[in-house]
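Working notes for the structure below.
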Amino acid sequence: MDEQTRTELEAAAFRRLLAHLNERTDVQNIDMMNLTGFCRNCLSRWYQEEADARDIPMTKEEGREAVYGMPYSEWKDKYQTEANADQLAAFEVNKPADAG
């Protein structure tokens, strides 16, 4: 497979991942972190870091909006729930080194 085709397939798969996450607003970031070690915020940070690496100006909020499909504050108000004690305990055990 040539490089251009591979890049196009990767981009399409990433867009499908974002669409899937936007459909599954019931899945909380803390649950994703506990199960997979990454969440929507991680994806938005990686997106912003890749823009920065290419000298493309992008704020943290712009990176988040690219992943969440709306301003992060709006997504939080609509979909984010308070983490329960079990979720927080699991996060402390499994928290990735670069997690906030």
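Here's how to read the names in the structure tokens: chain A, B, ... by the order shown, residue numbers from 1 in each chain, ligand numbers from 1 in the order shown.
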
Inset, instruction - Check the DSSP output for the backbone and give back, as a PyMOL selection string, the residues of chain A in helix (DSSP H, G or I). - result: chain A and resi 3-23+29-36+40-53+60-68+72-79+85-94

How would the residues just chosen look if you wrote them out with C-alpha atoms as a compact mmCIF listing (two decimals), in the first residue's frame?
```
# COMPACT_ATOMS: atom_id res chain seq x y z
CA GLU A 3 1.85 6.12 1.77
CA GLN A 4 -0.96 8.38 0.48
CA THR A 5 -3.51 5.58 0.62
CA ARG A 6 -2.37 4.57 4.11
CA THR A 7 -2.72 8.18 5.29
CA GLU A 8 -6.20 8.44 3.77
CA LEU A 9 -7.30 5.20 5.44
CA GLU A 10 -5.90 6.30 8.80
CA ALA A 11 -7.67 9.66 8.49
CA ALA A 12 -10.95 7.94 7.61
CA ALA A 13 -10.62 5.55 10.55
CA PHE A 14 -9.89 8.49 12.89
CA ARG A 15 -12.99 10.33 11.62
CA ARG A 16 -15.05 7.18 12.27
CA LEU A 17 -13.61 6.94 15.78
CA LEU A 18 -14.62 10.55 16.47
CA ALA A 19 -18.10 9.94 15.04
CA HIS A 20 -18.45 6.84 17.21
CA LEU A 21 -17.39 8.73 20.32
CA ASN A 22 -19.82 11.53 19.46
CA GLU A 23 -22.61 8.96 19.24
CA ASN A 29 -13.91 9.94 29.84
CA ILE A 30 -13.01 8.44 33.21
CA ASP A 31 -14.40 5.09 32.06
CA MET A 32 -12.33 5.29 28.88
CA MET A 33 -9.23 6.14 30.93
CA ASN A 34 -9.86 3.26 33.32
CA LEU A 35 -10.37 0.74 30.52
CA THR A 36 -8.06 1.95 27.76
CA ARG A 40 -11.32 12.20 24.44
CA ASN A 41 -9.07 14.72 26.18
CA CYS A 42 -6.02 12.60 25.30
CA LEU A 43 -7.11 12.48 21.66
CA SER A 44 -7.57 16.24 21.61
CA ARG A 45 -4.14 16.76 23.18
CA TRP A 46 -2.52 14.43 20.62
CA TYR A 47 -4.33 16.29 17.85
CA GLN A 48 -3.05 19.63 19.12
CA GLU A 49 0.48 18.26 19.58
CA GLU A 50 0.51 17.04 15.98
CA ALA A 51 -0.64 20.46 14.79
CA ASP A 52 2.11 22.08 16.87
CA ALA A 53 4.69 19.69 15.40
CA LYS A 60 -6.12 23.52 23.57
CA GLU A 61 -9.77 24.51 23.14
CA GLU A 62 -9.55 24.19 19.34
CA GLY A 63 -8.06 20.72 19.71
CA ARG A 64 -10.85 19.72 22.07
CA GLU A 65 -13.52 21.09 19.77
CA ALA A 66 -12.08 19.04 16.89
CA VAL A 67 -12.50 15.88 18.98
CA TYR A 68 -15.70 16.67 20.88
CA TYR A 72 -15.63 21.33 25.53
CA SER A 73 -17.60 23.38 28.06
CA GLU A 74 -20.80 22.64 26.13
CA TRP A 75 -20.01 18.90 25.98
CA LYS A 76 -19.35 18.84 29.74
CA ASP A 77 -22.63 20.62 30.49
CA LYS A 78 -24.62 18.25 28.25
CA TYR A 79 -22.96 14.89 28.85
CA ALA A 85 -16.06 6.59 44.14
CA ASP A 86 -15.40 3.36 42.22
CA GLN A 87 -14.45 5.22 39.04
CA LEU A 88 -12.11 7.54 40.95
CA ALA A 89 -10.47 4.64 42.81
CA ALA A 90 -9.90 2.73 39.56
CA PHE A 91 -8.44 5.86 37.97
CA GLU A 92 -5.93 6.28 40.79
CA VAL A 93 -4.77 2.69 40.37
CA ASN A 94 -4.56 2.79 36.57
```

Inset, instruction - Would you mind reading off the distance between atom CA of A:Gln80 and atom CA of A:Gln28, one decimal, in Å? - result: 6.6 Å

Legend entry - From A:Thr59, A:Asp2, A:Lys95, A:Thr81, residue lying nearest A:Asp26 [only C-alpha atoms]: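 For A:Asp26, the nearest of the given residues is A:Thr81.
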